Each structure stands twice: as C-alpha cells, then as structure tokens.
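Colleague: Following this line is my_file23.pdb, made up of PDB, C-alpha atoms:
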```pdb
ATOM      1  CA  MET A1215     -22.733  -4.713  -3.147
ATOM      2  CA  THR A1216     -20.643  -3.571  -6.099
ATOM      3  CA  GLU A1217     -19.346  -6.421  -8.239
ATOM      4  CA  ALA A1218     -15.553  -6.576  -8.334
ATOM      5  CA  LYS A1219     -14.271  -5.437 -11.717
ATOM      6  CA  TYR A1220     -10.680  -6.746 -11.846
ATOM      7  CA  ARG A1221     -10.542  -9.392  -9.111
ATOM      8  CA  LEU A1222     -10.037 -12.268 -11.512
ATOM      9  CA  LYS A1223      -7.576 -10.447 -13.779
ATOM     10  CA  LEU A1224      -5.505  -7.792 -12.072
ATOM     11  CA  PRO A1225      -4.084  -5.507 -14.775
ATOM     12  CA  GLN A1226      -0.801  -5.005 -12.874
ATOM     13  CA  LEU A1227      -0.141  -8.712 -13.451
ATOM     14  CA  ASN A1228      -0.832  -8.416 -17.161
ATOM     15  CA  GLY A1229       1.457  -5.795 -18.633
ATOM     16  CA  HIS A1230       0.047  -2.591 -17.130
ATOM     17  CA  ILE A1231       2.118  -0.223 -15.006
ATOM     18  CA  LEU A1232      -0.171   1.554 -12.547
ATOM     19  CA  LEU A1233       0.469   4.502 -10.298
ATOM     20  CA  THR A1234      -0.946   4.700  -6.790
ATOM     21  CA  ASP A1235      -1.092   7.410  -4.150
ATOM     22  CA  SER A1236       1.521   8.805  -1.779
ATOM     23  CA  GLY A1237       1.963   9.500   1.929
ATOM     24  CA  MET A1238      -1.653  10.222   2.838
ATOM     25  CA  GLU A1239      -1.096  10.418   6.573
ATOM     26  CA  THR A1240       2.013  12.614   6.430
ATOM     27  CA  THR A1241       0.227  14.887   3.953
ATOM     28  CA  LEU A1242      -2.704  15.208   6.343
ATOM     29  CA  VAL A1243      -0.528  15.974   9.360
ATOM     30  CA  PHE A1244       2.323  18.051   7.955
ATOM     31  CA  HIS A1245       0.811  19.770   4.907
ATOM     32  CA  ASP A1246      -2.816  20.217   5.929
ATOM     33  CA  GLY A1247      -2.523  20.475   9.699
ATOM     34  CA  TYR A1248      -4.899  17.676  10.669
ATOM     35  CA  ASP A1249      -4.797  16.230  14.162
ATOM     36  CA  LEU A1250      -4.819  12.573  13.126
ATOM     37  CA  PRO A1251      -5.291  10.275  16.129
ATOM     38  CA  TYR A1252      -3.219   7.112  15.810
ATOM     39  CA  PHE A1253      -2.366   8.066  12.202
ATOM     40  CA  ALA A1254      -5.864   6.821  11.301
ATOM     41  CA  ALA A1255      -7.001   8.435   8.054
ATOM     42  CA  PHE A1256     -10.212   6.382   7.989
ATOM     43  CA  ASP A1257     -11.573   8.626  10.736
ATOM     44  CA  LEU A1258     -12.000  11.372   8.120
ATOM     45  CA  LEU A1259     -14.987   9.449   6.776
ATOM     46  CA  ARG A1260     -16.928  10.570   9.874
ATOM     47  CA  SER A1261     -17.426  14.059   8.438
ATOM     48  CA  ARG A1262     -18.276  15.737   5.140
ATOM     49  CA  LYS A1263     -15.130  17.877   5.404
ATOM     50  CA  GLY A1264     -12.931  14.853   5.912
ATOM     51  CA  THR A1265     -14.584  12.882   3.117
ATOM     52  CA  ASP A1266     -14.205  15.827   0.757
ATOM     53  CA  TRP A1267     -10.499  16.008   1.636
ATOM     54  CA  LEU A1268     -10.071  12.329   0.802
ATOM     55  CA  LYS A1269     -11.881  12.707  -2.516
ATOM     56  CA  ALA A1270      -9.717  15.685  -3.459
ATOM     57  CA  TYR A1271      -6.556  13.825  -2.462
ATOM     58  CA  TYR A1272      -7.374  10.772  -4.576
ATOM     59  CA  SER A1273      -8.612  12.890  -7.479
ATOM     60  CA  ARG A1274      -5.369  14.890  -7.600
ATOM     61  CA  HIS A1275      -3.331  11.688  -7.884
ATOM     62  CA  ALA A1276      -5.755  10.038 -10.308
ATOM     63  CA  ALA A1277      -5.730  13.027 -12.636
ATOM     64  CA  LEU A1278      -1.949  13.107 -12.897
ATOM     65  CA  ALA A1279      -1.912   9.355 -13.606
ATOM     66  CA  VAL A1280      -4.365   9.745 -16.465
ATOM     67  CA  GLU A1281      -2.476  12.773 -17.759
ATOM     68  CA  GLN A1282       0.669  10.620 -17.984
ATOM     69  CA  GLY A1283      -1.185   7.668 -19.517
ATOM     70  CA  TYR A1284      -1.254   5.347 -16.495
ATOM     71  CA  GLY A1285      -3.930   3.403 -14.746
ATOM     72  CA  PHE A1286      -4.170   3.643 -10.977
ATOM     73  CA  VAL A1287      -4.582   1.614  -7.787
ATOM     74  CA  LEU A1288      -7.106   3.306  -5.487
ATOM     75  CA  GLU A1289      -6.325   2.168  -1.927
ATOM     76  CA  THR A1290      -9.067   2.504   0.682
ATOM     77  CA  PRO A1291      -7.963   4.822   3.534
ATOM     78  CA  THR A1292      -8.214   1.916   5.988
ATOM     79  CA  TRP A1293      -4.576   1.189   6.853
ATOM     80  CA  ARG A1294      -5.366   1.740  10.557
ATOM     81  CA  ALA A1295      -8.922   0.345  10.441
ATOM     82  CA  ASN A1296      -8.362  -2.881  12.332
ATOM     83  CA  PRO A1297     -10.194  -3.829  15.541
ATOM     84  CA  ASP A1298      -7.404  -2.837  17.958
ATOM     85  CA  TRP A1299      -6.888   0.675  16.626
ATOM     86  CA  ALA A1300     -10.590   1.230  15.977
ATOM     87  CA  GLU A1301     -11.469   0.298  19.574
ATOM     88  CA  LEU A1302      -9.021   2.927  20.838
ATOM     89  CA  MET A1303     -10.968   5.457  18.767
ATOM     90  CA  GLY A1304     -14.407   4.391  19.992
ATOM     91  CA  TYR A1305     -15.593   2.460  16.924
ATOM     92  CA  SER A1306     -17.944  -0.453  17.472
ATOM     93  CA  PRO A1307     -17.651  -3.542  15.227
ATOM     94  CA  ASP A1308     -20.739  -2.379  13.283
ATOM     95  CA  ALA A1309     -19.282   1.113  12.822
ATOM     96  CA  LEU A1310     -16.028  -0.388  11.599
ATOM     97  CA  ARG A1311     -17.842  -2.530   9.025
ATOM     98  CA  ALA A1312     -19.562   0.640   7.809
ATOM     99  CA  VAL A1313     -16.138   2.243   7.367
ATOM    100  CA  TYR A1314     -15.042  -0.522   4.999
ATOM    101  CA  HIS A1315     -18.243  -0.199   2.960
ATOM    102  CA  ASP A1316     -18.163   3.595   2.797
ATOM    103  CA  ALA A1317     -14.469   3.674   1.903
ATOM    104  CA  ALA A1318     -14.961   1.226  -0.959
ATOM    105  CA  GLU A1319     -18.042   3.017  -2.288
ATOM    106  CA  MET A1320     -16.166   6.325  -2.319
ATOM    107  CA  LEU A1321     -13.460   4.758  -4.476
ATOM    108  CA  PHE A1322     -15.944   3.131  -6.852
ATOM    109  CA  ASP A1323     -17.390   6.587  -7.487
ATOM    110  CA  LEU A1324     -13.913   8.008  -8.086
ATOM    111  CA  ARG A1325     -13.096   5.171 -10.482
ATOM    112  CA  ALA A1326     -16.226   5.923 -12.492
ATOM    113  CA  LYS A1327     -15.090   9.547 -12.843
ATOM    114  CA  HIS A1328     -11.420   8.991 -13.696
ATOM    115  CA  GLU A1329     -10.950   5.626 -15.400
ATOM    116  CA  ARG A1330     -10.222   5.744 -19.135
ATOM    117  CA  PRO A1331      -9.887   3.052 -21.816
ATOM    118  CA  GLY A1332      -6.482   1.405 -21.486
ATOM    119  CA  MET A1333      -5.969   3.023 -18.059
ATOM    120  CA  PRO A1334      -7.555   0.618 -15.572
ATOM    121  CA  PHE A1335      -8.371   1.741 -12.024
ATOM    122  CA  VAL A1336      -8.091  -1.069  -9.490
ATOM    123  CA  VAL A1337      -9.856  -0.657  -6.131
ATOM    124  CA  SER A1338      -7.839  -2.205  -3.320
ATOM    125  CA  GLY A1339      -8.843  -2.800   0.286
ATOM    126  CA  ASN A1340      -5.937  -1.535   2.362
ATOM    127  CA  LEU A1341      -4.787  -3.236   5.555
ATOM    128  CA  GLY A1342      -1.996  -2.344   7.922
ATOM    129  CA  PRO A1343      -0.282  -4.370  10.624
ATOM    130  CA  ARG A1344      -2.130  -5.172  13.821
ATOM    131  CA  GLY A1345       0.424  -3.214  15.826
ATOM    132  CA  ASP A1346       3.141  -0.687  15.091
ATOM    133  CA  GLY A1347       4.491  -0.957  11.568
ATOM    134  CA  TYR A1348       7.971   0.061  12.656
ATOM    135  CA  CYS A1349       8.581  -2.629  15.262
ATOM    136  CA  VAL A1350       7.449  -6.134  16.141
ATOM    137  CA  SER A1351       6.043  -5.709  19.639
ATOM    138  CA  SER A1352       4.171  -9.028  19.786
ATOM    139  CA  LYS A1353       4.022 -11.698  17.123
ATOM    140  CA  MET A1354       0.955 -13.599  16.043
ATOM    141  CA  SER A1355       1.134 -17.014  14.477
ATOM    142  CA  ALA A1356      -0.131 -17.283  10.926
ATOM    143  CA  ALA A1357      -3.338 -18.866  12.256
ATOM    144  CA  GLU A1358      -3.851 -16.042  14.757
ATOM    145  CA  ALA A1359      -3.256 -13.430  12.052
ATOM    146  CA  GLU A1360      -5.729 -15.169   9.749
ATOM    147  CA  ALA A1361      -8.399 -15.057  12.450
ATOM    148  CA  TYR A1362      -7.613 -11.463  13.421
ATOM    149  CA  HIS A1363      -7.615  -9.951   9.922
ATOM    150  CA  GLY A1364     -10.353 -12.212   8.556
ATOM    151  CA  ALA A1365     -13.269  -9.931   9.468
ATOM    152  CA  GLN A1366     -11.661  -6.909   7.760
ATOM    153  CA  ILE A1367     -10.948  -8.894   4.641
ATOM    154  CA  ALA A1368     -14.422 -10.449   4.561
ATOM    155  CA  ALA A1369     -16.056  -7.014   4.792
ATOM    156  CA  LEU A1370     -13.850  -5.485   2.101
ATOM    157  CA  ALA A1371     -14.331  -8.474  -0.194
ATOM    158  CA  ALA A1372     -18.108  -8.268   0.294
ATOM    159  CA  ALA A1373     -17.960  -4.555  -0.549
ATOM    160  CA  GLY A1374     -16.561  -5.493  -3.969
ATOM    161  CA  VAL A1375     -12.886  -4.499  -3.853
ATOM    162  CA  ASP A1376     -10.701  -6.033  -6.524
ATOM    163  CA  MET A1377      -7.903  -7.030  -4.164
ATOM    164  CA  ILE A1378      -6.393  -6.640  -0.719
ATOM    165  CA  SER A1379      -3.121  -4.761  -0.151
ATOM    166  CA  ALA A1380      -1.418  -5.190   3.223
ATOM    167  CA  LEU A1381       1.130  -2.409   3.764
ATOM    168  CA  THR A1382       3.974  -1.917   6.250
ATOM    169  CA  ILE A1383       3.996  -5.570   7.288
ATOM    170  CA  ASN A1384       7.046  -6.299   9.413
ATOM    171  CA  TYR A1385       7.091 -10.064   9.945
ATOM    172  CA  ALA A1386       6.201 -13.009   7.750
ATOM    173  CA  GLU A1387       3.643 -14.803   9.930
ATOM    174  CA  GLU A1388       1.223 -11.878   9.941
ATOM    175  CA  ALA A1389       1.574 -11.651   6.176
ATOM    176  CA  GLU A1390       0.907 -15.360   5.838
ATOM    177  CA  GLY A1391      -2.285 -15.091   7.876
ATOM    178  CA  ILE A1392      -3.526 -12.178   5.778
ATOM    179  CA  VAL A1393      -2.981 -14.124   2.563
ATOM    180  CA  ARG A1394      -4.791 -17.160   3.976
ATOM    181  CA  ALA A1395      -7.789 -15.032   4.962
ATOM    182  CA  ALA A1396      -7.884 -13.370   1.559
ATOM    183  CA  HIS A1397      -7.784 -16.780  -0.123
ATOM    184  CA  THR A1398     -10.713 -17.937   2.026
ATOM    185  CA  HIS A1399     -12.770 -14.953   0.891
ATOM    186  CA  GLY A1400     -11.823 -15.270  -2.779
ATOM    187  CA  VAL A1401      -9.821 -12.069  -3.179
ATOM    188  CA  PRO A1402      -6.167 -11.745  -4.290
ATOM    189  CA  ALA A1403      -3.743 -10.190  -1.810
ATOM    190  CA  ALA A1404      -0.526  -8.226  -2.237
ATOM    191  CA  ILE A1405       1.881  -8.175   0.710
ATOM    192  CA  SER A1406       4.045  -5.098   1.189
ATOM    193  CA  PHE A1407       6.941  -5.511   3.601
ATOM    194  CA  THR A1408       8.682  -2.607   5.249
ATOM    195  CA  LEU A1409      12.449  -2.759   5.732
ATOM    196  CA  GLU A1410      15.067  -1.257   8.001
ATOM    197  CA  THR A1411      18.106   0.636   6.705
ATOM    198  CA  ASP A1412      19.967  -2.699   6.384
ATOM    199  CA  GLY A1413      17.366  -4.042   3.954
ATOM    200  CA  ARG A1414      15.946  -6.567   6.445
ATOM    201  CA  LEU A1415      12.455  -6.731   7.936
ATOM    202  CA  PRO A1416      12.040  -5.203  11.410
ATOM    203  CA  SER A1417      11.748  -8.814  12.641
ATOM    204  CA  GLY A1418      15.345  -9.345  11.519
ATOM    205  CA  GLN A1419      14.394 -11.759   8.742
ATOM    206  CA  SER A1420      15.891 -11.188   5.311
ATOM    207  CA  LEU A1421      13.573 -10.023   2.555
ATOM    208  CA  GLU A1422      14.475 -13.069   0.491
ATOM    209  CA  ASP A1423      13.592 -15.503   3.269
ATOM    210  CA  ALA A1424      10.294 -13.724   3.987
ATOM    211  CA  ILE A1425       9.232 -13.880   0.340
ATOM    212  CA  LEU A1426      10.280 -17.509  -0.019
ATOM    213  CA  GLN A1427       8.446 -18.402   3.196
ATOM    214  CA  LEU A1428       5.167 -17.025   1.858
ATOM    215  CA  ASP A1429       5.703 -18.388  -1.626
ATOM    216  CA  GLY A1430       6.071 -21.847  -0.117
ATOM    217  CA  SER A1431       2.399 -21.738   0.870
ATOM    218  CA  GLY A1432       1.174 -23.235  -2.412
ATOM    219  CA  ASP A1433      -2.200 -22.001  -3.625
ATOM    220  CA  THR A1434      -2.391 -19.406  -0.857
ATOM    221  CA  ARG A1435       0.703 -17.482  -1.855
ATOM    222  CA  PRO A1436       0.349 -13.720  -2.452
ATOM    223  CA  ALA A1437      -0.601 -12.359  -5.861
ATOM    224  CA  TYR A1438       2.630 -10.359  -5.602
ATOM    225  CA  PHE A1439       4.855  -8.542  -3.133
ATOM    226  CA  MET A1440       5.559  -4.873  -2.560
ATOM    227  CA  LEU A1441       7.916  -2.737  -0.495
ATOM    228  CA  ASN A1442       6.838   0.387   1.363
ATOM    229  CA  CYS A1443       7.985   2.840   4.029
ATOM    230  CA  VAL A1444      11.645   2.431   3.106
ATOM    231  CA  HIS A1445      13.999   4.572   1.011
ATOM    232  CA  PRO A1446      15.411   3.004  -2.197
ATOM    233  CA  GLU A1447      18.976   3.304  -0.914
ATOM    234  CA  HIS A1448      18.113   0.983   1.977
ATOM    235  CA  PHE A1449      17.326  -2.028  -0.204
ATOM    236  CA  GLN A1450      18.778  -1.559  -3.685
ATOM    237  CA  ASP A1451      21.916  -3.554  -2.844
ATOM    238  CA  VAL A1452      19.765  -6.416  -1.534
ATOM    239  CA  ILE A1453      17.863  -6.474  -4.810
ATOM    240  CA  ALA A1454      21.052  -6.225  -6.856
ATOM    241  CA  ARG A1455      22.433  -9.339  -5.105
ATOM    242  CA  GLY A1456      19.143 -11.214  -5.314
ATOM    243  CA  GLY A1457      17.887 -13.976  -7.569
ATOM    244  CA  ASN A1458      14.584 -15.020  -9.102
ATOM    245  CA  TRP A1459      12.697 -14.188  -5.892
ATOM    246  CA  THR A1460      13.109 -10.486  -6.679
ATOM    247  CA  ARG A1461      10.822 -10.913  -9.687
ATOM    248  CA  ARG A1462       7.916 -11.449  -7.300
ATOM    249  CA  ILE A1463       8.167  -7.803  -6.195
ATOM    250  CA  ARG A1464       5.746  -5.796  -8.308
ATOM    251  CA  GLY A1465       5.030  -2.758  -6.169
ATOM    252  CA  LEU A1466       7.021   0.038  -4.554
ATOM    253  CA  ARG A1467       5.880   2.835  -2.267
ATOM    254  CA  ALA A1468       9.132   4.359  -1.031
ATOM    255  CA  ASN A1469       9.746   7.055   1.565
ATOM    256  CA  ALA A1470      11.021  10.433   0.492
ATOM    257  CA  SER A1471      13.362  10.423   3.477
ATOM    258  CA  ARG A1472      16.520   8.412   4.054
ATOM    259  CA  MET A1473      15.824   8.406   7.809
ATOM    260  CA  SER A1474      15.486   5.164   9.732
ATOM    261  CA  HIS A1475      12.126   4.184  11.204
ATOM    262  CA  ALA A1476      13.297   5.250  14.656
ATOM    263  CA  GLU A1477      14.348   8.651  13.340
ATOM    264  CA  LEU A1478      11.062   9.121  11.486
ATOM    265  CA  ASP A1479       9.121   8.237  14.633
ATOM    266  CA  ASN A1480      10.856  11.035  16.544
ATOM    267  CA  CYS A1481      10.859  13.628  13.768
ATOM    268  CA  GLU A1482       8.690  16.705  14.360
ATOM    269  CA  THR A1483       9.184  18.147  10.866
ATOM    270  CA  LEU A1484       8.539  16.621   7.476
ATOM    271  CA  ASP A1485      11.469  15.369   5.396
ATOM    272  CA  ASP A1486       9.990  15.393   1.900
ATOM    273  CA  GLY A1487      13.300  14.800   0.130
ATOM    274  CA  ASP A1488      13.630  15.663  -3.555
ATOM    275  CA  PRO A1489      10.779  14.470  -5.810
ATOM    276  CA  VAL A1490      12.926  14.500  -8.963
ATOM    277  CA  GLU A1491      15.703  12.536  -7.275
ATOM    278  CA  LEU A1492      13.202   9.966  -6.032
ATOM    279  CA  GLY A1493      11.710   9.635  -9.510
ATOM    280  CA  ASN A1494      15.168   8.974 -10.934
ATOM    281  CA  GLN A1495      15.803   6.345  -8.245
ATOM    282  CA  TYR A1496      12.603   4.549  -9.243
ATOM    283  CA  ARG A1497      13.733   4.667 -12.850
ATOM    284  CA  ALA A1498      17.053   3.033 -11.909
ATOM    285  CA  LEU A1499      15.233   0.384  -9.870
ATOM    286  CA  LEU A1500      13.171  -0.587 -12.918
ATOM    287  CA  GLU A1501      16.385  -1.934 -14.420
ATOM    288  CA  LEU A1502      16.929  -4.157 -11.362
ATOM    289  CA  MET A1503      13.244  -4.970 -10.886
ATOM    290  CA  PRO A1504      11.676  -5.284 -14.346
ATOM    291  CA  ASN A1505       8.401  -6.631 -12.930
ATOM    292  CA  LEU A1506       7.599  -3.452 -10.998
ATOM    293  CA  SER A1507       4.088  -2.479 -11.994
ATOM    294  CA  VAL A1508       2.605  -0.487  -9.062
ATOM    295  CA  LEU A1509       4.415   2.759  -8.285
ATOM    296  CA  GLY A1510       3.594   5.257  -5.537
ATOM    297  CA  GLY A1511       4.942   6.812  -2.375
ATOM    298  CA  CYS A1512       4.899   6.515   1.394
ATOM    299  CA  CYS A1513       6.009   8.760   4.273
ATOM    300  CA  GLY A1514       6.936  12.291   3.238
ATOM    301  CA  THR A1515       5.752  11.912  -0.353
ATOM    302  CA  ASP A1516       2.825  13.678  -1.987
ATOM    303  CA  HIS A1517       1.439  14.149  -5.493
ATOM    304  CA  ARG A1518       4.666  15.908  -6.581
ATOM    305  CA  HIS A1519       6.669  12.760  -5.919
ATOM    306  CA  VAL A1520       4.161  10.516  -7.682
ATOM    307  CA  CYS A1521       4.201  12.887 -10.655
ATOM    308  CA  ALA A1522       8.014  12.698 -10.822
ATOM    309  CA  ILE A1523       7.967   8.905 -10.431
ATOM    310  CA  GLY A1524       5.414   8.533 -13.198
ATOM    311  CA  TYR A1525       7.335  10.808 -15.532
ATOM    312  CA  SER A1526      10.685   9.096 -14.923
ATOM    313  CA  CYS A1527       9.329   5.583 -15.240
ATOM    314  CA  ARG A1528       7.260   6.354 -18.324
ATOM    315  CA  HIS A1529      10.422   7.755 -19.892
ATOM    316  CA  GLN A1530      12.304   4.582 -18.922
ATOM    317  CA  ALA A1531       9.574   2.328 -20.328
ATOM    318  CA  ALA A1532       9.575   4.257 -23.586
ATOM    319  CA  ALA A1533      13.355   3.947 -23.854
TER     320      ALA A1533
END
```
Mind turning the file's structure into structure tokens?

Modeller:
Amino acid sequence: MTEAKYRLKLPQLNGHILLTDSGMETTLVFHDGYDLPYFAAFDLLRSRKGTDWLKAYYSRHAALAVEQGYGFVLETPTWRANPDWAELMGYSPDALRAVYHDAAEMLFDLRAKHERPGMPFVVSGNLGPRGDGYCVSSKMSAAEAEAYHGAQIAALAAAGVDMISALTINYAEEAEGIVRAAHTHGVPAAISFTLETDGRLPSGQSLEDAILQLDGSGDTRPAYFMLNCVHPEHFQDVIARGGNWTRRIRGLRANASRMSHAELDNCETLDDGDPVELGNQYRALLELMPNLSVLGGCCGTDHRHVCAIGYSCRHQAAA
C-alpha cells in the first residue's frame, strides 16, 4: 500500500489552483477510435496498449499543467468501475479490486515523474453514478448508496489515494451515501453534480438545495463540491443569483458543447466547441466563483481545452 500524501491537507483547499484532465472517454471514442463498452475507460488496464494510452493521456495533461505553473489532480480512470457496470463486462469482485489498485499505482508512478515543488499532484479515486449519469432511472436511499459504493471507496482508500471524487452525480441521496462511505474509510470526498440546461440536477432538485442538503450532514459533509458534464452557459445565471452556498463549489469540469444531455446521448459526432472560448468562460466564472480551485474538462474536451482554461485562469489570477 502506498501511503496517502495529501489526504489530511488537500492543496486545493489551501490556496492552490490545480488543473485536472478532460473528456477521457470522448477522446478515446471520437479522437482515437476505441470501441469503449459502456464508456468504461478502466477496461484499458487489461492490456499493455490500453495502459500505455492512459499513461500518455495523463502525461500530456500533466506536462501542460507544469508548464503553466499548476499542480494537478490525477483521477483514476474508474468512473464506470462499480459493481453493476463491471459485472456487465465480466469482471469478478476480485478483478474489480485489482482494477482499483492498478489504477492508483499507475497514477502514483505518474505523480513521481511530473510533480514539482509548489505544484502538488493529488491522486483521486474516481467514482461515477451507479446508473446513467444523464437520468435518474432508480433512486437509492443514502443508506443504500453508502452500502453500494462502500467497497469501491474502501479499496481505493486502502490503495492510498488522497481523496475520492464522485463525478456526474444526478441526485443528492447517492451523493450523501458516497460521502458517508468515504468518511467511514477516512478519506475526503468531493461531490460533482451534473446539471441540465436549466441549471437543475436531472432529479429536478435545485443545485442550491442539493448542496445545502449534503452540507446539513455535519461531520460527514463533502470536502467540497464540483460541477461536471454541463456547459457554463447552463448554470452561470444560477451561480450569479446564488448566495454563500456557491462558495462551496471548488471544481469545474465543463462540457465543450452547449447540447443538452439528451442531445449528447444521441450525437454521433463530437462537438468539441471552441477551446479559447471555453477558457474565457472559465475566466469569467472565476469572478462569480472565487473559490474555484480544480479546473478541467468533460465531454468533448481534450488537452487543448485544458491548456486554454489554464492559460485564461492563470491570466485572471495574475490580474
């Protein structure tokens, strides 16, 4: 087991702005022509070719972060690596536990190669929703979600990750269960909600109410919140009207596309937007969300978008 390096003092909570990666799955499918069953990037760890692709992908993003003077959040490629999806792909529970270990070890090696003084590299265990991130097909209670995600979180925590990041979460009870499980296993958790074009969760709940619901959980509240798989134009008005709750949002991984989730689901070509425009939108959001400290991309984005985001936000911070 590798000892966690930043678990007790996450640098993104202490004055550091960190970059993170982009739309791994859309890059694999649309740029590199991979047949990616169930959008499950963790399956690449089965082969040397796939593992080499992952290392090159992370290294490209890490290098541009260091070049611009940022630290980085290395997210394990395990967004789809929960028991339901893994069973569909023929993974046994033991094989799935090996995935968590191998994914974390790969990122520890990459951190050793890329981290520089003053540019911390946080290793995060990445979780996705139990079901489809774009719709709430069946809800778990918080207790059910805690039990369901607990094994993933226990394995990632034992592997030595610094934190847990749960991305594309679409209702509050699943998020609450994830945070409870992370608390049980002594690892901080960030919850990243996805939003529809009206700025609300796919469950219909407002972003404000979802954040306040989780923050009412006392000691088991998230380390911070994020937003992902949503374009800035779909939520900026919600943030502009918001109050102190918006200061709990520290991470953003936006889509390049302005399409709705339903449109993205049915799209057979990649809408990669305009990287420079997206970078400028992040820069404008920093004025509304001064606590943003983890910046990356989601569907349709790649290293070009992260480069533009880093440049624009570094320029803003310097100003």

Colleague: Any idea what's packed within 12 Å of A:Ser1352, counting all atoms listed in the file, ignoring anything in its chain fewer than 2 positions away? Could you give it as a ChimeraX atom specification?

Modeller: /A:1343-1347,1349-1350,1354-1355,1358-1359,1384-1385,1387-1388,1417

Colleague: Enumerate, as a list of chain:residue names, the protein, DNA and RNA residues whose atoms approach (13.5, 2.1, 8.0) to within 10 Å, taking into account only C-alpha atoms and the coordinate frame of the file.

Modeller: A:Tyr1348, A:Cys1349, A:Thr1408, A:Leu1409, A:Glu1410, A:Thr1411, A:Asp1412, A:Gly1413, A:Arg1414, A:Leu1415, A:Pro1416, A:Asn1442, A:Cys1443, A:Val1444, A:His1445, A:His1448, A:Phe1449, A:Asn1469, A:Ser1471, A:Arg1472, A:Met1473, A:Ser1474, A:His1475, A:Ala1476, A:Glu1477, A:Leu1478

Colleague: Given the PyMOL selection byres ((chain A and resi 1315) around 12) and the file above, list the residues it selects as number ranges by chain.

Modeller: A: 1215-1216, 1256, 1259, 1290-1292, 1295, 1308-1314, 1316-1322, 1339, 1366-1375

Colleague: Enter the distance from atom CA of A:Val1490 to atom CA of A:Ile1453, in Å, rounded to one decimal.

Modeller: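 Value for the atom CA of A:Val1490-atom CA of A:Ile1453 distance: 21.9 Å.
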
Colleague: For a quick check of understanding, using only C-alpha atoms, which of A:Glu1501, A:Arg1467, A:Val1287, A:Glu1482 has the smallest distance to A:Ala1454?

Modeller: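 The shortest atom-to-atom distance to A:Ala1454 comes from A:Glu1501.
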
Colleague: Please report the interatomic distance between atom CA of A:Asp1235 and atom CA of A:Gly1511 in Å with one decimal.

Modeller: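 We find that atom CA of A:Asp1235 and atom CA of A:Gly1511 lie 6.3 Å from each other.
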
Colleague: Export stretch 1264-1305 of chain A of the preceding structure, keeping C-alpha atoms, as a PDB file, in the first residue's frame.

Modeller:
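File out-v4.pdb, as written:
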```pdb
ATOM      1  CA  GLY A1264      -4.519   0.418 -23.246  1.00  0.00           C
ATOM      2  CA  THR A1265      -2.368   1.163 -20.206  1.00  0.00           C
ATOM      3  CA  ASP A1266       0.173   2.946 -22.386  1.00  0.00           C
ATOM      4  CA  TRP A1267      -2.634   5.065 -23.861  1.00  0.00           C
ATOM      5  CA  LEU A1268      -3.773   6.065 -20.380  1.00  0.00           C
ATOM      6  CA  LYS A1269      -0.243   6.973 -19.312  1.00  0.00           C
ATOM      7  CA  ALA A1270       0.244   9.104 -22.420  1.00  0.00           C
ATOM      8  CA  TYR A1271      -3.111  10.810 -21.892  1.00  0.00           C
ATOM      9  CA  TYR A1272      -2.363  11.742 -18.283  1.00  0.00           C
ATOM     10  CA  SER A1273       1.216  12.732 -19.091  1.00  0.00           C
ATOM     11  CA  ARG A1274       0.094  15.131 -21.833  1.00  0.00           C
ATOM     12  CA  HIS A1275      -2.224  16.925 -19.404  1.00  0.00           C
ATOM     13  CA  ALA A1276       0.274  16.841 -16.535  1.00  0.00           C
ATOM     14  CA  ALA A1277       3.027  18.341 -18.663  1.00  0.00           C
ATOM     15  CA  LEU A1278       0.916  21.292 -19.759  1.00  0.00           C
ATOM     16  CA  ALA A1279      -0.099  21.923 -16.132  1.00  0.00           C
ATOM     17  CA  VAL A1280       3.518  22.047 -15.012  1.00  0.00           C
ATOM     18  CA  GLU A1281       4.434  24.212 -17.993  1.00  0.00           C
ATOM     19  CA  GLN A1282       1.809  26.745 -16.863  1.00  0.00           C
ATOM     20  CA  GLY A1283       2.835  26.518 -13.203  1.00  0.00           C
ATOM     21  CA  TYR A1284      -0.103  24.495 -11.863  1.00  0.00           C
ATOM     22  CA  GLY A1285      -0.420  21.407  -9.773  1.00  0.00           C
ATOM     23  CA  PHE A1286      -2.757  18.667 -10.938  1.00  0.00           C
ATOM     24  CA  VAL A1287      -5.485  16.269  -9.812  1.00  0.00           C
ATOM     25  CA  LEU A1288      -4.843  12.800 -11.256  1.00  0.00           C
ATOM     26  CA  GLU A1289      -8.205  10.997 -11.393  1.00  0.00           C
ATOM     27  CA  THR A1290      -8.173   7.204 -11.611  1.00  0.00           C
ATOM     28  CA  PRO A1291      -9.891   6.005 -14.826  1.00  0.00           C
ATOM     29  CA  THR A1292     -12.559   4.252 -12.744  1.00  0.00           C
ATOM     30  CA  TRP A1293     -15.671   6.360 -13.360  1.00  0.00           C
ATOM     31  CA  ARG A1294     -17.503   3.250 -14.633  1.00  0.00           C
ATOM     32  CA  ALA A1295     -15.787   0.764 -12.292  1.00  0.00           C
ATOM     33  CA  ASN A1296     -18.695  -0.003  -9.999  1.00  0.00           C
ATOM     34  CA  PRO A1297     -20.138  -3.492  -9.461  1.00  0.00           C
ATOM     35  CA  ASP A1298     -23.114  -3.115 -11.829  1.00  0.00           C
ATOM     36  CA  TRP A1299     -21.139  -1.947 -14.847  1.00  0.00           C
ATOM     37  CA  ALA A1300     -18.202  -4.244 -14.112  1.00  0.00           C
ATOM     38  CA  GLU A1301     -20.490  -7.297 -13.969  1.00  0.00           C
ATOM     39  CA  LEU A1302     -21.824  -6.442 -17.432  1.00  0.00           C
ATOM     40  CA  MET A1303     -18.216  -6.551 -18.636  1.00  0.00           C
ATOM     41  CA  GLY A1304     -17.361  -9.871 -16.992  1.00  0.00           C
ATOM     42  CA  TYR A1305     -15.294  -8.599 -14.051  1.00  0.00           C
TER      43      TYR A1305
END
```
